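File shown: data.txt (compact mmCIF, C-alpha atoms).
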# COMPACT_ATOMS: atom_id res chain seq x y z
CA MET Q 21 16.93 -9.40 6.15
CA LYS Q 22 13.97 -11.40 7.38
CA LEU Q 23 10.70 -9.51 7.24
CA THR Q 24 8.27 -12.02 8.67
CA THR Q 25 7.80 -9.70 11.64
CA LEU Q 26 6.91 -6.76 9.41
CA VAL Q 27 3.44 -5.53 10.36
CA PHE Q 28 1.62 -2.54 9.00
CA VAL Q 29 0.23 -1.16 12.26
CA LEU Q 30 -0.73 2.37 11.44
CA ALA Q 31 -3.93 3.16 13.29
CA SER Q 32 -2.15 3.98 16.53
CA ILE Q 33 0.90 5.72 15.08
CA THR Q 34 1.15 9.41 15.94
CA CYS Q 35 4.43 10.26 14.23
CA HIS Q 36 4.18 12.38 11.09
CA ALA Q 37 6.51 11.42 8.27
CA GLN Q 38 7.34 13.59 5.29
CA ASN Q 39 5.15 11.88 2.67
CA THR Q 40 2.57 10.03 4.78
CA LEU Q 41 -0.26 11.45 6.85
CA SER Q 42 -2.86 10.47 9.45
CA LEU Q 43 -6.47 11.56 9.82
CA ASN Q 44 -7.18 13.81 12.77
CA ALA Q 45 -9.70 12.56 15.33
CA GLY Q 46 -13.23 13.05 14.04
CA GLU Q 47 -12.04 13.89 10.52
CA ASN Q 48 -13.85 12.19 7.62
CA SER Q 49 -12.46 11.05 4.30
CA PRO Q 50 -13.20 13.26 1.28
CA LYS Q 51 -15.44 12.24 -1.60
CA ALA Q 52 -13.51 10.26 -4.23
CA THR Q 53 -13.88 7.53 -6.85
CA LEU Q 54 -11.55 5.05 -8.48
CA SER Q 55 -11.14 7.45 -11.39
CA GLU Q 56 -8.69 9.31 -9.10
CA ILE Q 57 -6.23 6.39 -9.15
CA THR Q 58 -6.75 4.43 -12.38
CA TRP Q 59 -3.15 5.32 -13.27
CA MET Q 60 -2.07 2.56 -10.82
CA GLU Q 61 -3.32 -0.09 -13.22
CA GLY Q 62 -0.53 -2.27 -14.55
CA HIS Q 63 2.49 -4.38 -13.70
CA TRP Q 64 5.15 -2.58 -11.62
CA LYS Q 65 8.63 -3.61 -10.41
CA GLY Q 66 11.13 -2.04 -8.05
CA GLU Q 67 13.60 -2.73 -5.25
CA ALA Q 68 13.18 -2.51 -1.47
CA PHE Q 69 14.09 -4.41 1.71
CA GLY Q 70 17.14 -5.89 0.00
CA GLY Q 71 15.13 -7.55 -2.76
CA ILE Q 72 12.87 -7.19 -5.79
CA THR Q 73 9.34 -5.91 -5.30
CA GLU Q 74 6.48 -6.44 -7.70
CA GLU Q 75 2.93 -5.06 -7.72
CA ILE Q 76 0.18 -5.88 -10.17
CA TRP Q 77 -2.94 -3.67 -10.17
CA SER Q 78 -6.12 -4.58 -12.04
CA PRO Q 79 -8.36 -2.06 -13.82
CA PRO Q 80 -11.45 -0.93 -11.89
CA LEU Q 81 -14.18 -3.55 -11.81
CA GLY Q 82 -16.98 -4.05 -9.32
CA GLY Q 83 -16.08 -0.89 -7.42
CA SER Q 84 -12.49 -1.90 -6.69
CA MET Q 85 -8.97 -2.13 -8.06
CA MET Q 86 -7.33 -5.36 -6.87
CA PHE Q 87 -3.59 -5.72 -6.33
CA SER Q 88 -0.96 -8.29 -5.47
CA PHE Q 89 2.47 -7.50 -4.01
CA LYS Q 90 5.48 -9.79 -3.79
CA LEU Q 91 8.90 -9.34 -2.18
CA VAL Q 92 11.66 -11.66 -3.41
CA VAL Q 93 14.95 -11.74 -1.44
CA ASP Q 94 17.82 -14.08 -2.37
CA SER Q 95 15.67 -15.77 -5.06
CA ALA Q 96 12.91 -16.69 -2.58
CA VAL Q 97 9.53 -15.12 -1.87
CA ASN Q 98 9.69 -13.37 1.49
CA PHE Q 99 6.04 -12.30 1.67
CA TYR Q 100 2.95 -11.35 -0.30
CA GLU Q 101 0.19 -8.82 0.11
CA LEU Q 102 -3.24 -9.05 -1.49
CA GLY Q 103 -5.75 -6.27 -1.39
CA HIS Q 104 -7.61 -3.53 -3.12
CA ILE Q 105 -8.60 0.09 -3.21
CA ARG Q 106 -12.37 0.18 -3.19
CA GLU Q 107 -15.14 2.69 -3.30
CA LEU Q 108 -17.01 2.74 0.00
CA ASP Q 109 -19.58 5.29 1.18
CA GLY Q 110 -18.63 7.83 -1.50
CA THR Q 111 -14.87 7.70 -0.85
CA LEU Q 112 -11.92 5.31 -1.24
CA VAL Q 113 -10.39 2.89 1.23
CA PHE Q 114 -7.13 0.92 0.86
CA GLU Q 115 -7.34 -2.59 2.35
CA LEU Q 116 -4.85 -5.46 2.45
CA LYS Q 117 -3.79 -8.73 4.02
CA HIS Q 118 -0.27 -10.20 4.38
CA PHE Q 119 0.87 -13.73 3.61
CA GLY Q 120 4.20 -15.48 4.13
CA GLY Q 121 6.02 -17.07 1.21
CA ASP Q 122 4.11 -20.26 2.07
CA LEU Q 123 0.77 -18.37 1.78
CA LYS Q 124 0.06 -18.64 5.51
CA GLY Q 125 -1.79 -15.48 6.53
CA TRP Q 126 -0.30 -13.05 9.03
CA GLU Q 127 -3.55 -11.44 10.11
CA GLU Q 128 -6.34 -13.33 11.82
CA ARG Q 129 -8.90 -14.81 9.43
CA GLU Q 130 -11.42 -11.95 9.77
CA GLU Q 131 -8.82 -9.18 10.19
CA VAL Q 132 -8.09 -6.76 7.34
CA GLN Q 133 -5.64 -3.86 7.43
CA ARG Q 134 -7.72 -0.79 6.48
CA PHE Q 135 -6.42 2.68 5.59
CA LYS Q 136 -8.82 5.58 5.08
CA LEU Q 137 -8.37 8.22 2.39
CA ILE Q 138 -7.13 11.54 3.76
CA LYS Q 139 -6.92 13.68 0.64
CA VAL Q 140 -6.26 13.79 -3.10
CA VAL Q 141 -3.80 16.47 -4.21
CA GLY Q 142 -2.63 16.58 -7.82
CA ASN Q 143 -0.75 13.37 -8.60
CA ARG Q 144 -0.95 12.02 -5.01
CA LEU Q 145 -3.54 10.10 -3.01
CA TYR Q 146 -2.95 10.15 0.73
CA PHE Q 147 -4.29 7.27 2.78
CA GLU Q 148 -3.56 6.82 6.49
CA GLY Q 149 0.13 5.86 6.48
CA PHE Q 150 0.36 5.38 2.70
CA THR Q 151 0.76 7.79 -0.20
CA PHE Q 152 0.40 6.78 -3.85
CA GLU Q 153 2.24 9.13 -6.22
CA LYS Q 154 2.19 9.17 -10.01
CA VAL Q 155 5.65 10.36 -11.13
CA THR Q 156 5.10 9.68 -14.84
CA THR Q 157 2.93 7.25 -16.81
CA ASP Q 158 5.73 4.69 -16.38
CA GLU Q 159 6.88 5.44 -12.81
CA ILE Q 160 5.14 5.58 -9.44
CA ASN Q 161 6.12 5.90 -5.80
CA ILE Q 162 4.31 4.35 -2.87
CA TYR Q 163 5.29 5.78 0.50
CA ALA Q 164 4.51 3.54 3.46
CA ARG Q 165 4.88 4.21 7.16
CA ILE Q 166 5.86 0.89 8.72
CA HIS Q 167 6.37 -0.34 12.23
CA GLN Q 168 9.05 -2.98 12.61
CA ASN Q 169 10.97 -4.24 15.64
CA GLY Q 170 9.70 -1.44 17.84
CA THR Q 171 10.61 1.39 15.49
CA GLU Q 172 8.74 3.35 12.85
CA GLU Q 173 10.00 4.57 9.52
CA GLU Q 174 8.74 5.77 6.18
CA VAL Q 175 9.77 3.59 3.25
CA VAL Q 176 9.48 4.57 -0.40
CA PHE Q 177 8.76 1.95 -3.03
CA ASN Q 178 9.78 3.28 -6.45
CA TYR Q 179 8.27 1.28 -9.30
CA LYS Q 180 8.73 1.23 -13.04
CA LYS Q 181 5.98 -0.06 -15.32
CA GLN Q 182 6.78 -3.38 -16.98
Show me this structure written as structure tokens.
Amino acid sequence: MKLTTLVFVLASITCHAQNTLSLNAGENSPKATLSEITWMEGHWKGEAFGGITEEIWSPPLGGSMMFSFKLVVDSAVNFYELGHIRELDGTLVFELKHFGGDLKGWEEREEVQRFKLIKVVGNRLYFEGFTFEKVTTDEINIYARIHQNGTEEEVVFNYKKQ
């Protein structure tokens, strides 16, 4: 399954999936700090899109937690994501960029995919179109609403700590 056309286009999506949410017009993000999501720190592996997925999250430093994502299908890198969750204006924002297996960027040079925080409830942080869930200290889920080939679906990435 070739995913080079996979694009996280969430700002204009109006569908509501089970585990992902959208901000209502005029609604602001709640107050939050990185202390809400430090449990993401670490090296995580799982399976999705017919391959192996890997995420590595750094500890908080400089007001952000940096991450890298890699999808490997049939022993070859399909794509990468680089990004962070950062503190901005008293809340959190999730930002990322996509790269092909050859490290050629998908977004324009100045373009960044940005997802505002909607709410923090227990072991879940809800960003626009993404939900980060702590299952245990060694297991997490990331729910992502994706748009691909003219359709929208919610995908769950289940990760185990390495």
Item to check | Selected residue of minimal separation from Gly62 (chain Q) among Q:Gln168, Q:Gln38, Q:Asn48, Q:Thr157, counting only C-alpha atoms | outcome: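 Using only C-alpha atoms, the shortest distance to Gly62 (chain Q) belongs to Q:Thr157.
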Checklist entry - Please, what distance in Å, to one decimal, runs between CA of Val140 (chain Q) and CA of Leu108 (chain Q)? => result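 Separating CA of Val140 (chain Q) from CA of Leu108 (chain Q) is a distance of 15.7 Å.
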Next on the checklist: To one decimal place in Å, what is the distance between CA of Met86 (chain Q) and CA of Glu173 (chain Q)?
Outcome noted: 25.8 Å
Checklist entry - So which one's closest to Leu81 (chain Q), Q:Leu112, Q:Ile160, Q:Ile105, Q:Val97? Using only C-alpha atoms, please. => result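 Of Q:Leu112, Q:Ile160, Q:Ile105, Q:Val97, the one nearest Leu81 (chain Q) is Q:Ile105, counting only C-alpha atoms.
Distances here use all atoms listed in the file; by that measure, the residue among Q:Ser95, Q:Tyr100, Q:Lys180, Q:Glu75 closest to Lys124 (chain Q) is Q:Tyr100.
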Next on the checklist: Restricting the calculation to only C-alpha atoms: of Q:Glu61, Q:Glu101, Q:Glu153, Q:Glu131, which residue gets closest to Pro80 (chain Q)?
Outcome noted: Q:Glu61
Would you give the centre and edge lengths, in Å to one decimal, of a box along x, y and z around the listed atoms of region 139-147 of chain Q, with 6 Å added to each side, as lines of an AutoDock Vina configuration file?
center_x = -3.8
center_y = 11.9
center_z = -2.9
size_x = 18.2
size_y = 21.3
size_z = 23.4
Next on the checklist: For Leu102 (chain Q), find every residue with an atom within 12 Å (counting all atoms listed in the file), except residues of its own chain fewer than 3 positions away, and show them as a list of chain:residue names.
Outcome noted: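 What passes the distance filter is Q:Glu74, Q:Glu75, Q:Ile76, Q:Trp77, Q:Ser78, Q:Met85, Q:Met86, Q:Phe87, Q:Ser88, Q:Phe89, Q:Lys90, Q:Phe99, Q:Ile105, Q:Phe114, Q:Glu115, Q:Leu116, Q:Lys117, Q:His118, Q:Phe119, Q:Gly120, Q:Leu123, Q:Gly125, Q:Trp126, Q:Glu127, Q:Val132, Q:Gln133.
CA of Lys65 (chain Q) is found 17.8 Å from CA of His104 (chain Q).
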Next on the checklist: Given the point (1.2, 4.5, -18.6) in the coordinates of this file, which residues lie within 8 Å, counting only C-alpha atoms, and how would they look as an MDAnalysis selection string?
Outcome noted: chainID Q and resid 59 156:158 181
Item to check | For Gln182 (chain Q), the nearest of the candidates Q:Lys154, Q:Pro50, Q:Gly66, Q:Gly149, counting only C-alpha atoms | outcome: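 Counting only C-alpha atoms, the residue closest to Gln182 (chain Q) is Q:Gly66.
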Next on the checklist: Tell me which residues come within 7 Å of (7.5, 5.0, -6.2), as a PyMOL selection string, counting only C-alpha atoms in the file's coordinates.
Outcome noted: chain Q and resi 153+159-162+176-179
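Candidate residues Q:Pro79, Q:Ala96, Q:Gly110, Q:Leu137 were compared for distance to Phe152 (chain Q), and the nearest is Q:Leu137, using all atoms listed in the file.
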